[in-house]
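Next comes entry.pdb, a file with PDB, C-alpha atoms, pLDDT in the B column.
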```
MODEL        1
ATOM      1  CA  MET X 457       0.000   0.000   0.000  1.00 45.00           C
ATOM      2  CA  LEU X 458       2.893   2.367   0.707  1.00 43.00           C
ATOM      3  CA  ARG X 459       4.136   2.016  -2.878  1.00 50.00           C
ATOM      4  CA  SER X 460       0.670   2.897  -4.097  1.00 51.00           C
ATOM      5  CA  PHE X 461       0.735   6.073  -2.020  1.00 52.00           C
ATOM      6  CA  LEU X 462       4.170   6.904  -3.382  1.00 49.00           C
ATOM      7  CA  LEU X 463       2.869   6.496  -6.911  1.00 56.00           C
ATOM      8  CA  LEU X 464      -0.095   8.648  -5.982  1.00 58.00           C
ATOM      9  CA  LEU X 465       2.027  11.579  -4.913  1.00 55.00           C
ATOM     10  CA  ALA X 466       4.088  11.390  -8.076  1.00 51.00           C
ATOM     11  CA  LEU X 467       0.898  11.641 -10.102  1.00 57.00           C
ATOM     12  CA  LEU X 468      -0.431  14.463  -8.013  1.00 57.00           C
ATOM     13  CA  LEU X 469       2.552  16.500  -9.103  1.00 48.00           C
ATOM     14  CA  GLY X 470       0.940  16.453 -12.514  1.00 52.00           C
ATOM     15  CA  LEU X 471      -2.120  18.303 -11.285  1.00 54.00           C
ATOM     16  CA  ASN X 472      -0.414  21.637 -11.680  1.00 52.00           C
ATOM     17  CA  ALA X 473      -1.060  24.290 -14.296  1.00 50.00           C
ATOM     18  CA  PRO X 474      -1.056  28.078 -14.544  1.00 51.00           C
ATOM     19  CA  VAL X 475      -4.014  29.568 -12.692  1.00 48.00           C
ATOM     20  CA  ALA X 476      -5.500  31.033 -15.882  1.00 46.00           C
ATOM     21  CA  LEU X 477      -5.493  27.625 -17.537  1.00 51.00           C
ATOM     22  CA  ALA X 478      -6.685  25.696 -14.490  1.00 52.00           C
ATOM     23  CA  ALA X 479      -9.712  27.932 -14.022  1.00 62.00           C
ATOM     24  CA  ASP X 480     -11.025  27.198 -17.531  1.00 73.00           C
ATOM     25  CA  THR X 481      -9.900  23.611 -18.060  1.00 78.00           C
ATOM     26  CA  PRO X 482     -12.163  20.616 -17.283  1.00 82.00           C
ATOM     27  CA  PRO X 483     -10.753  18.582 -14.375  1.00 86.00           C
ATOM     28  CA  ASP X 484     -10.108  15.400 -16.382  1.00 85.00           C
ATOM     29  CA  VAL X 485      -8.357  17.283 -19.175  1.00 81.00           C
ATOM     30  CA  LEU X 486      -6.253  19.183 -16.659  1.00 73.00           C
ATOM     31  CA  ALA X 487      -5.271  15.993 -14.859  1.00 76.00           C
ATOM     32  CA  ARG X 488      -4.522  14.024 -18.027  1.00 78.00           C
ATOM     33  CA  THR X 489      -2.488  16.578 -19.936  1.00 72.00           C
ATOM     34  CA  THR X 490      -0.414  17.817 -17.031  1.00 66.00           C
ATOM     35  CA  THR X 491       0.229  14.307 -15.712  1.00 71.00           C
ATOM     36  CA  GLN X 492       1.650  13.301 -19.066  1.00 71.00           C
ATOM     37  CA  ASP X 493       3.891  16.373 -18.954  1.00 67.00           C
ATOM     38  CA  VAL X 494       5.213  15.294 -15.558  1.00 65.00           C
ATOM     39  CA  LEU X 495       5.821  11.730 -16.726  1.00 69.00           C
ATOM     40  CA  THR X 496       7.906  13.151 -19.563  1.00 70.00           C
ATOM     41  CA  ILE X 497       9.935  15.180 -17.074  1.00 67.00           C
ATOM     42  CA  LEU X 498      10.491  12.104 -14.915  1.00 68.00           C
ATOM     43  CA  LYS X 499      11.872  10.170 -17.873  1.00 73.00           C
ATOM     44  CA  GLN X 500      14.231  12.973 -18.838  1.00 73.00           C
ATOM     45  CA  ASP X 501      15.460  14.320 -15.488  1.00 74.00           C
ATOM     46  CA  LYS X 502      18.417  12.229 -14.340  1.00 77.00           C
ATOM     47  CA  GLU X 503      18.682  14.033 -11.015  1.00 78.00           C
ATOM     48  CA  LEU X 504      15.138  13.014 -10.100  1.00 69.00           C
ATOM     49  CA  GLN X 505      15.784   9.456 -11.259  1.00 70.00           C
ATOM     50  CA  ASN X 506      18.917   9.319  -9.111  1.00 76.00           C
ATOM     51  CA  GLY X 507      17.044  10.441  -6.013  1.00 72.00           C
ATOM     52  CA  ASN X 508      18.102  14.071  -5.616  1.00 76.00           C
ATOM     53  CA  MET X 509      15.815  14.601  -2.628  1.00 72.00           C
ATOM     54  CA  ALA X 510      16.473  18.322  -2.328  1.00 74.00           C
ATOM     55  CA  LYS X 511      15.203  18.764  -5.877  1.00 72.00           C
ATOM     56  CA  VAL X 512      12.303  16.393  -5.277  1.00 70.00           C
ATOM     57  CA  TYR X 513      11.281  18.252  -2.136  1.00 71.00           C
ATOM     58  CA  GLN X 514      11.411  21.554  -3.971  1.00 70.00           C
ATOM     59  CA  LEU X 515       9.181  20.192  -6.740  1.00 65.00           C
ATOM     60  CA  VAL X 516       6.690  18.793  -4.252  1.00 65.00           C
ATOM     61  CA  GLU X 517       6.420  22.138  -2.492  1.00 69.00           C
ATOM     62  CA  ALA X 518       6.023  23.980  -5.778  1.00 66.00           C
ATOM     63  CA  LYS X 519       3.574  21.677  -7.546  1.00 63.00           C
ATOM     64  CA  ILE X 520       1.456  19.839  -4.978  1.00 63.00           C
ATOM     65  CA  LEU X 521       0.464  22.668  -2.679  1.00 69.00           C
ATOM     66  CA  PRO X 522      -1.256  24.910  -5.232  1.00 73.00           C
ATOM     67  CA  ASN X 523      -3.571  22.100  -6.355  1.00 75.00           C
ATOM     68  CA  PHE X 524      -4.899  20.828  -3.045  1.00 82.00           C
ATOM     69  CA  ASP X 525      -7.387  22.232  -0.607  1.00 89.00           C
ATOM     70  CA  PHE X 526      -5.536  21.143   2.521  1.00 91.00           C
ATOM     71  CA  ASN X 527      -8.008  22.975   4.722  1.00 94.00           C
ATOM     72  CA  ARG X 528     -10.881  20.887   3.375  1.00 95.00           C
ATOM     73  CA  MET X 529      -8.805  17.693   3.466  1.00 93.00           C
ATOM     74  CA  THR X 530      -7.887  18.281   7.101  1.00 96.00           C
ATOM     75  CA  GLN X 531     -11.474  19.083   8.029  1.00 96.00           C
ATOM     76  CA  LEU X 532     -12.686  15.853   6.404  1.00 96.00           C
ATOM     77  CA  ALA X 533      -9.902  13.849   8.052  1.00 95.00           C
ATOM     78  CA  LEU X 534     -10.770  15.260  11.491  1.00 97.00           C
ATOM     79  CA  GLY X 535     -14.487  14.607  10.969  1.00 96.00           C
ATOM     80  CA  LYS X 536     -16.561  15.201  14.104  1.00 95.00           C
ATOM     81  CA  HIS X 537     -13.503  16.459  15.994  1.00 97.00           C
ATOM     82  CA  TRP X 538     -12.960  19.475  13.688  1.00 97.00           C
ATOM     83  CA  PRO X 539     -15.609  21.758  15.292  1.00 97.00           C
ATOM     84  CA  ARG X 540     -14.023  21.154  18.711  1.00 95.00           C
ATOM     85  CA  ALA X 541     -10.668  22.585  17.624  1.00 97.00           C
ATOM     86  CA  THR X 542      -9.838  26.219  18.313  1.00 97.00           C
ATOM     87  CA  PRO X 543      -8.872  28.472  15.373  1.00 97.00           C
ATOM     88  CA  LYS X 544      -5.227  28.189  16.424  1.00 97.00           C
ATOM     89  CA  GLN X 545      -5.458  24.384  16.587  1.00 98.00           C
ATOM     90  CA  LYS X 546      -7.150  24.255  13.179  1.00 97.00           C
ATOM     91  CA  GLN X 547      -4.350  26.292  11.666  1.00 97.00           C
ATOM     92  CA  ALA X 548      -1.745  23.996  13.210  1.00 97.00           C
ATOM     93  CA  LEU X 549      -3.613  20.863  12.092  1.00 97.00           C
ATOM     94  CA  VAL X 550      -3.801  22.032   8.475  1.00 96.00           C
ATOM     95  CA  SER X 551      -0.127  22.976   8.476  1.00 94.00           C
ATOM     96  CA  GLU X 552       1.072  19.735  10.054  1.00 93.00           C
ATOM     97  CA  PHE X 553      -1.179  17.522   7.914  1.00 90.00           C
ATOM     98  CA  ARG X 554       0.131  19.244   4.792  1.00 88.00           C
ATOM     99  CA  ASN X 555       3.724  18.838   5.955  1.00 83.00           C
ATOM    100  CA  LEU X 556       3.154  15.182   6.765  1.00 80.00           C
ATOM    101  CA  LEU X 557       1.784  14.379   3.315  1.00 77.00           C
ATOM    102  CA  VAL X 558       4.381  16.382   1.432  1.00 74.00           C
ATOM    103  CA  ARG X 559       7.411  15.228   3.378  1.00 70.00           C
ATOM    104  CA  THR X 560       6.475  11.612   3.952  1.00 63.00           C
ATOM    105  CA  TYR X 561       5.861  10.998   0.262  1.00 60.00           C
ATOM    106  CA  SER X 562       8.452  13.341  -1.214  1.00 59.00           C
ATOM    107  CA  GLY X 563      10.253  10.238  -2.440  1.00 57.00           C
ATOM    108  CA  SER X 564       7.356   9.526  -4.766  1.00 59.00           C
ATOM    109  CA  LEU X 565       8.996  10.947  -7.858  1.00 57.00           C
ATOM    110  CA  THR X 566      11.755   8.367  -7.746  1.00 58.00           C
ATOM    111  CA  ALA X 567       9.196   5.526  -7.576  1.00 64.00           C
ATOM    112  CA  PHE X 568       8.230   5.955 -11.214  1.00 64.00           C
ATOM    113  CA  THR X 569      10.070   3.891 -13.801  1.00 65.00           C
ATOM    114  CA  ASN X 570       8.085   2.355 -16.660  1.00 70.00           C
ATOM    115  CA  GLN X 571       4.564   3.086 -15.454  1.00 74.00           C
ATOM    116  CA  THR X 572       1.942   4.616 -17.702  1.00 79.00           C
ATOM    117  CA  VAL X 573      -1.307   6.345 -16.781  1.00 81.00           C
ATOM    118  CA  GLU X 574      -4.728   5.924 -18.330  1.00 86.00           C
ATOM    119  CA  PHE X 575      -7.537   8.355 -17.544  1.00 89.00           C
ATOM    120  CA  LYS X 576     -11.155   7.297 -17.870  1.00 90.00           C
ATOM    121  CA  PRO X 577     -13.746   9.430 -19.698  1.00 90.00           C
ATOM    122  CA  LEU X 578     -15.531  11.943 -17.496  1.00 92.00           C
ATOM    123  CA  ALA X 579     -19.140  12.938 -18.186  1.00 87.00           C
ATOM    124  CA  LEU X 580     -18.929  16.526 -16.951  1.00 89.00           C
ATOM    125  CA  LYS X 581     -22.309  18.229 -16.920  1.00 90.00           C
ATOM    126  CA  PRO X 582     -22.847  22.001 -17.035  1.00 88.00           C
ATOM    127  CA  GLY X 583     -22.970  23.283 -13.491  1.00 90.00           C
ATOM    128  CA  ASP X 584     -21.027  20.356 -11.983  1.00 94.00           C
ATOM    129  CA  THR X 585     -18.795  21.583  -9.176  1.00 94.00           C
ATOM    130  CA  ASP X 586     -17.758  18.271  -7.582  1.00 96.00           C
ATOM    131  CA  VAL X 587     -16.479  15.352  -9.635  1.00 95.00           C
ATOM    132  CA  THR X 588     -14.408  12.194  -9.486  1.00 94.00           C
ATOM    133  CA  VAL X 589     -11.632  11.885 -12.040  1.00 91.00           C
ATOM    134  CA  ARG X 590     -10.771   8.211 -12.529  1.00 92.00           C
ATOM    135  CA  SER X 591      -7.440   6.847 -13.671  1.00 89.00           C
ATOM    136  CA  GLU X 592      -5.238   3.758 -13.565  1.00 88.00           C
ATOM    137  CA  ILE X 593      -1.507   3.352 -13.170  1.00 83.00           C
ATOM    138  CA  ARG X 594      -0.329   0.539 -15.408  1.00 84.00           C
ATOM    139  CA  GLN X 595       2.996  -1.081 -14.657  1.00 78.00           C
ATOM    140  CA  PRO X 596       4.817  -3.942 -16.407  1.00 80.00           C
ATOM    141  CA  GLY X 597       4.184  -7.286 -14.731  1.00 81.00           C
ATOM    142  CA  GLY X 598       1.672  -5.889 -12.248  1.00 81.00           C
ATOM    143  CA  GLN X 599      -2.014  -5.267 -11.867  1.00 86.00           C
ATOM    144  CA  PRO X 600      -3.334  -1.795 -12.727  1.00 87.00           C
ATOM    145  CA  ILE X 601      -3.695   0.484  -9.702  1.00 85.00           C
ATOM    146  CA  PRO X 602      -6.941   2.504  -9.801  1.00 88.00           C
ATOM    147  CA  ILE X 603      -6.607   6.068  -8.546  1.00 85.00           C
ATOM    148  CA  ASN X 604      -9.646   8.344  -8.265  1.00 88.00           C
ATOM    149  CA  TYR X 605      -9.310  12.063  -7.614  1.00 88.00           C
ATOM    150  CA  SER X 606     -12.130  13.839  -5.779  1.00 93.00           C
ATOM    151  CA  MET X 607     -12.072  17.405  -7.097  1.00 92.00           C
ATOM    152  CA  TYR X 608     -14.267  20.441  -6.688  1.00 93.00           C
ATOM    153  CA  LYS X 609     -14.419  23.717  -8.541  1.00 92.00           C
ATOM    154  CA  THR X 610     -13.240  26.929  -6.909  1.00 89.00           C
ATOM    155  CA  ALA X 611     -12.712  30.472  -8.125  1.00 86.00           C
ATOM    156  CA  PHE X 612      -9.090  29.437  -8.755  1.00 83.00           C
ATOM    157  CA  GLY X 613      -9.864  26.280 -10.695  1.00 85.00           C
ATOM    158  CA  TRP X 614     -10.359  22.653  -9.723  1.00 87.00           C
ATOM    159  CA  LYS X 615      -8.824  21.491  -6.437  1.00 88.00           C
ATOM    160  CA  VAL X 616      -8.199  17.997  -5.079  1.00 87.00           C
ATOM    161  CA  TYR X 617      -9.689  17.265  -1.655  1.00 91.00           C
ATOM    162  CA  ASP X 618      -9.382  13.474  -1.524  1.00 90.00           C
ATOM    163  CA  VAL X 619      -7.774  10.627  -3.422  1.00 86.00           C
ATOM    164  CA  THR X 620      -8.886   6.998  -3.444  1.00 87.00           C
ATOM    165  CA  ILE X 621      -6.210   4.434  -4.256  1.00 84.00           C
ATOM    166  CA  ASP X 622      -7.257   0.883  -4.956  1.00 84.00           C
ATOM    167  CA  GLY X 623     -10.508   1.500  -3.088  1.00 87.00           C
ATOM    168  CA  VAL X 624      -8.917   3.202  -0.064  1.00 86.00           C
ATOM    169  CA  SER X 625      -9.632   6.886   0.555  1.00 89.00           C
ATOM    170  CA  LEU X 626      -6.663   8.939   1.710  1.00 87.00           C
ATOM    171  CA  VAL X 627      -8.897  11.100   3.913  1.00 91.00           C
ATOM    172  CA  THR X 628     -10.802   8.147   5.382  1.00 91.00           C
ATOM    173  CA  ASN X 629      -7.551   6.291   6.022  1.00 89.00           C
ATOM    174  CA  TYR X 630      -6.212   9.166   8.108  1.00 91.00           C
ATOM    175  CA  ARG X 631      -9.551   9.822   9.805  1.00 94.00           C
ATOM    176  CA  ALA X 632      -9.396   6.526  11.694  1.00 91.00           C
ATOM    177  CA  SER X 633      -5.881   7.117  13.024  1.00 92.00           C
ATOM    178  CA  PHE X 634      -6.591  10.778  13.828  1.00 95.00           C
ATOM    179  CA  SER X 635      -9.736   9.885  15.776  1.00 96.00           C
ATOM    180  CA  ASN X 636      -7.899   7.251  17.777  1.00 95.00           C
ATOM    181  CA  ASN X 637      -5.078   9.664  18.576  1.00 95.00           C
ATOM    182  CA  ILE X 638      -7.516  12.394  19.669  1.00 97.00           C
ATOM    183  CA  ARG X 639      -9.365   9.982  21.972  1.00 96.00           C
ATOM    184  CA  GLN X 640      -6.086   9.115  23.679  1.00 96.00           C
ATOM    185  CA  ASN X 641      -4.198  12.397  23.623  1.00 96.00           C
ATOM    186  CA  GLY X 642      -6.565  15.191  22.632  1.00 97.00           C
ATOM    187  CA  ILE X 643      -6.255  17.562  19.705  1.00 97.00           C
ATOM    188  CA  ASP X 644      -2.960  18.997  20.915  1.00 97.00           C
ATOM    189  CA  GLY X 645      -1.640  15.459  21.155  1.00 97.00           C
ATOM    190  CA  LEU X 646      -2.553  14.843  17.510  1.00 97.00           C
ATOM    191  CA  ILE X 647      -0.820  18.041  16.458  1.00 97.00           C
ATOM    192  CA  LYS X 648       2.340  16.946  18.256  1.00 95.00           C
ATOM    193  CA  ALA X 649       2.132  13.448  16.750  1.00 94.00           C
ATOM    194  CA  LEU X 650       1.802  14.879  13.238  1.00 93.00           C
ATOM    195  CA  ALA X 651       4.746  17.189  13.807  1.00 92.00           C
ATOM    196  CA  ASP X 652       6.859  14.288  15.069  1.00 89.00           C
ATOM    197  CA  GLN X 653       5.941  12.107  12.075  1.00 83.00           C
ATOM    198  CA  SER X 654       6.720  14.931   9.693  1.00 74.00           C
ATOM    199  CA  VAL X 655      10.178  15.404  11.190  1.00 74.00           C
ATOM    200  CA  ARG X 656      10.946  11.682  11.092  1.00 70.00           C
ATOM    201  CA  GLY X 657       9.847  11.382   7.469  1.00 59.00           C
ATOM    202  CA  ALA X 658      11.409  14.578   6.205  1.00 53.00           C
ATOM    203  CA  PRO X 659      14.312  14.699   3.776  1.00 45.00           C
ATOM    204  CA  GLN X 660      16.677  17.633   3.930  1.00 38.00           C
ATOM    205  CA  PRO X 661      14.584  20.628   2.876  1.00 37.00           C
ATOM    206  CA  ALA X 662      15.492  22.368  -0.353  1.00 33.00           C
ATOM    207  CA  PRO X 663      16.968  25.806   0.193  1.00 31.00           C
ATOM    208  CA  ARG X 664      14.503  28.649  -0.122  1.00 34.00           C
ATOM    209  CA  PRO X 665      15.133  31.273  -2.812  1.00 33.00           C
ATOM    210  CA  GLY X 666      17.300  34.006  -1.389  1.00 37.00           C
ATOM    211  CA  SER X 667      18.301  31.978   1.665  1.00 33.00           C
TER     212      SER X 667
ENDMDL
END
```

This structure in structure tokens:
Amino acid sequence: MLRSFLLLLALLLGLNAPVALAADTPPDVLARTTTQDVLTILKQDKELQNGNMAKVYQLVEAKILPNFDFNRMTQLALGKHWPRATPKQKQALVSEFRNLLVRTYSGSLTAFTNQTVEFKPLALKPGDTDVTVRSEIRQPGGQPIPINYSMYKTAFGWKVYDVTIDGVSLVTNYRASFSNNIRQNGIDGLIKALADQSVRGAPQPAPRPGS
């Protein structure tokens, strides 16, 4: 399952496009065309293939974050516990959940070798604001891995708020562990646990421009 999540994050890097394009492009077209662009980059960039984690981390920060609604993802993952959190706790939860996902799976780019991606047709109706974009990762000698992107339309284009890999929802998967942690340690305990996991799973951060 971990490899599937690694493959997921590599694909999610493809869900990036200029804001002007993203706002006008159907979600399936956006996902398909930009994912293919990323796959081309992966095949050509030797540094990524050789595991240059500083470069990988920089790409993850640049390309994943603009295409996800981490606030909505965190709210869904917290479920019934979200309303109990203070504004300060909510801010910390969103930040730490984002960091956990980005840093834990920053090695995803190096997981791609000979995989290809097939996107399924999407019947997008006028006025639709919430859709599921379906795709499969095909790999030599292995079964296809279905990946479904839950996306909704915003003023800034389509955003991802959940991903289902081989029938397992990313948000639902975390909801169970988050709820258990909150029952045992409270919301502040979950925030600390997320921060600790993020630190343990983090590669060396890429230098910030101007630093």

field: Computed interatomic separation between CA of Ala533 in chain X and CA of Ser635 in chain X (Å)
entry: 8.7 Å

- line: One decimal place gives the CA of Gln653 in chain X-CA of Ser633 in chain X separation as 12.9 Å

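Closest approach to Leu486 in chain X among X:Ala548, X:Val619, X:Ile593, X:Met607 is made by X:Met607 (distances from only C-alpha atoms).
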
So what does the PyMOL selection byres ((chain X and resi 596-603) around 9) actually pick up in this one, as a PDB file with C-alpha atoms, in the coordinates of the input?
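Produced file expr30.pdb, reproduced below:
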```
ATOM      1  CA  SER X 460       0.670   2.897  -4.097  1.00 51.00           C
ATOM      2  CA  LEU X 464      -0.095   8.648  -5.982  1.00 58.00           C
ATOM      3  CA  ASN X 570       8.085   2.355 -16.660  1.00 70.00           C
ATOM      4  CA  GLN X 571       4.564   3.086 -15.454  1.00 74.00           C
ATOM      5  CA  VAL X 589     -11.632  11.885 -12.040  1.00 91.00           C
ATOM      6  CA  ARG X 590     -10.771   8.211 -12.529  1.00 92.00           C
ATOM      7  CA  SER X 591      -7.440   6.847 -13.671  1.00 89.00           C
ATOM      8  CA  GLU X 592      -5.238   3.758 -13.565  1.00 88.00           C
ATOM      9  CA  ILE X 593      -1.507   3.352 -13.170  1.00 83.00           C
ATOM     10  CA  ARG X 594      -0.329   0.539 -15.408  1.00 84.00           C
ATOM     11  CA  GLN X 595       2.996  -1.081 -14.657  1.00 78.00           C
ATOM     12  CA  ASN X 604      -9.646   8.344  -8.265  1.00 88.00           C
ATOM     13  CA  TYR X 605      -9.310  12.063  -7.614  1.00 88.00           C
ATOM     14  CA  VAL X 619      -7.774  10.627  -3.422  1.00 86.00           C
ATOM     15  CA  THR X 620      -8.886   6.998  -3.444  1.00 87.00           C
ATOM     16  CA  ILE X 621      -6.210   4.434  -4.256  1.00 84.00           C
ATOM     17  CA  ASP X 622      -7.257   0.883  -4.956  1.00 84.00           C
ATOM     18  CA  GLY X 623     -10.508   1.500  -3.088  1.00 87.00           C
TER      19      GLY X 623
END
```

query: Expanded to explicit residues, what is the PyMOL selection byres ((chain X and resi 545) around 12) for this file, as an MDAnalysis selection string?
result: chainID X and resid 530:531 534 537:544 546:553 642:648

- prompt: Applied to this file, what does the PyMOL selection byres ((chain X and resi 608) around 9) return in terms of residues, put as a VMD selection string?
  reply: chain X and resid 483 584 to 588 606 to 607 609 to 610 613 to 617

Can I get the selection written as a PDB file, in the coordinates of the input, with C-alpha atoms?
```
ATOM      1  CA  PRO X 483     -10.753  18.582 -14.375  1.00 86.00           C
ATOM      2  CA  ASP X 584     -21.027  20.356 -11.983  1.00 94.00           C
ATOM      3  CA  THR X 585     -18.795  21.583  -9.176  1.00 94.00           C
ATOM      4  CA  ASP X 586     -17.758  18.271  -7.582  1.00 96.00           C
ATOM      5  CA  VAL X 587     -16.479  15.352  -9.635  1.00 95.00           C
ATOM      6  CA  THR X 588     -14.408  12.194  -9.486  1.00 94.00           C
ATOM      7  CA  SER X 606     -12.130  13.839  -5.779  1.00 93.00           C
ATOM      8  CA  MET X 607     -12.072  17.405  -7.097  1.00 92.00           C
ATOM      9  CA  LYS X 609     -14.419  23.717  -8.541  1.00 92.00           C
ATOM     10  CA  THR X 610     -13.240  26.929  -6.909  1.00 89.00           C
ATOM     11  CA  GLY X 613      -9.864  26.280 -10.695  1.00 85.00           C
ATOM     12  CA  TRP X 614     -10.359  22.653  -9.723  1.00 87.00           C
ATOM     13  CA  LYS X 615      -8.824  21.491  -6.437  1.00 88.00           C
ATOM     14  CA  VAL X 616      -8.199  17.997  -5.079  1.00 87.00           C
ATOM     15  CA  TYR X 617      -9.689  17.265  -1.655  1.00 91.00           C
TER      16      TYR X 617
END
```

- prompt: So how many Å separate CA of Ala632 in chain X and CA of Tyr513 in chain X, to one decimal?
  reply: 27.5 Å

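Compared by their closest atoms to Thr496 in chain X, and using only C-alpha atoms, the residues X:Leu580, X:Leu650, X:Val573, X:Ile638 rank with X:Val573 nearest.
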
Grab all the atoms of range 575-579 of chain X that the file lists, wrap them in a box along x, y and z, add 6 Å per side, and give me centre plus edge lengths in Å (one decimal) as JSON.
```
{"center_x": -13.3, "center_y": 10.1, "center_z": -18.6, "size_x": 23.6, "size_y": 17.6, "size_z": 14.2}
```

message: When you look at range 627-630 of chain X with a cut-off of 7 Å (counting all atoms listed in the file), what residues show up, excluding the ones that are within fewer than 6 positions of it in the same chain? I need them as a ChimeraX atom specification.
response: /X:529,532-533,618

Protein/DNA/RNA residues near (-14.7, 13.0, -24.0), cut 12 Å, all atoms listed in the file, as an MDAnalysis selection string: chainID X and resid 482:485 488 575:581

Store the residues of this selection in a file with C-alpha atoms, as a PDB file, in the frame of the given file.
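Generated output (again-v5.pdb):
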```pdb
ATOM      1  CA  PRO X 482     -12.163  20.616 -17.283  1.00 82.00           C
ATOM      2  CA  PRO X 483     -10.753  18.582 -14.375  1.00 86.00           C
ATOM      3  CA  ASP X 484     -10.108  15.400 -16.382  1.00 85.00           C
ATOM      4  CA  VAL X 485      -8.357  17.283 -19.175  1.00 81.00           C
ATOM      5  CA  ARG X 488      -4.522  14.024 -18.027  1.00 78.00           C
ATOM      6  CA  PHE X 575      -7.537   8.355 -17.544  1.00 89.00           C
ATOM      7  CA  LYS X 576     -11.155   7.297 -17.870  1.00 90.00           C
ATOM      8  CA  PRO X 577     -13.746   9.430 -19.698  1.00 90.00           C
ATOM      9  CA  LEU X 578     -15.531  11.943 -17.496  1.00 92.00           C
ATOM     10  CA  ALA X 579     -19.140  12.938 -18.186  1.00 87.00           C
ATOM     11  CA  LEU X 580     -18.929  16.526 -16.951  1.00 89.00           C
ATOM     12  CA  LYS X 581     -22.309  18.229 -16.920  1.00 90.00           C
TER      13      LYS X 581
END
```
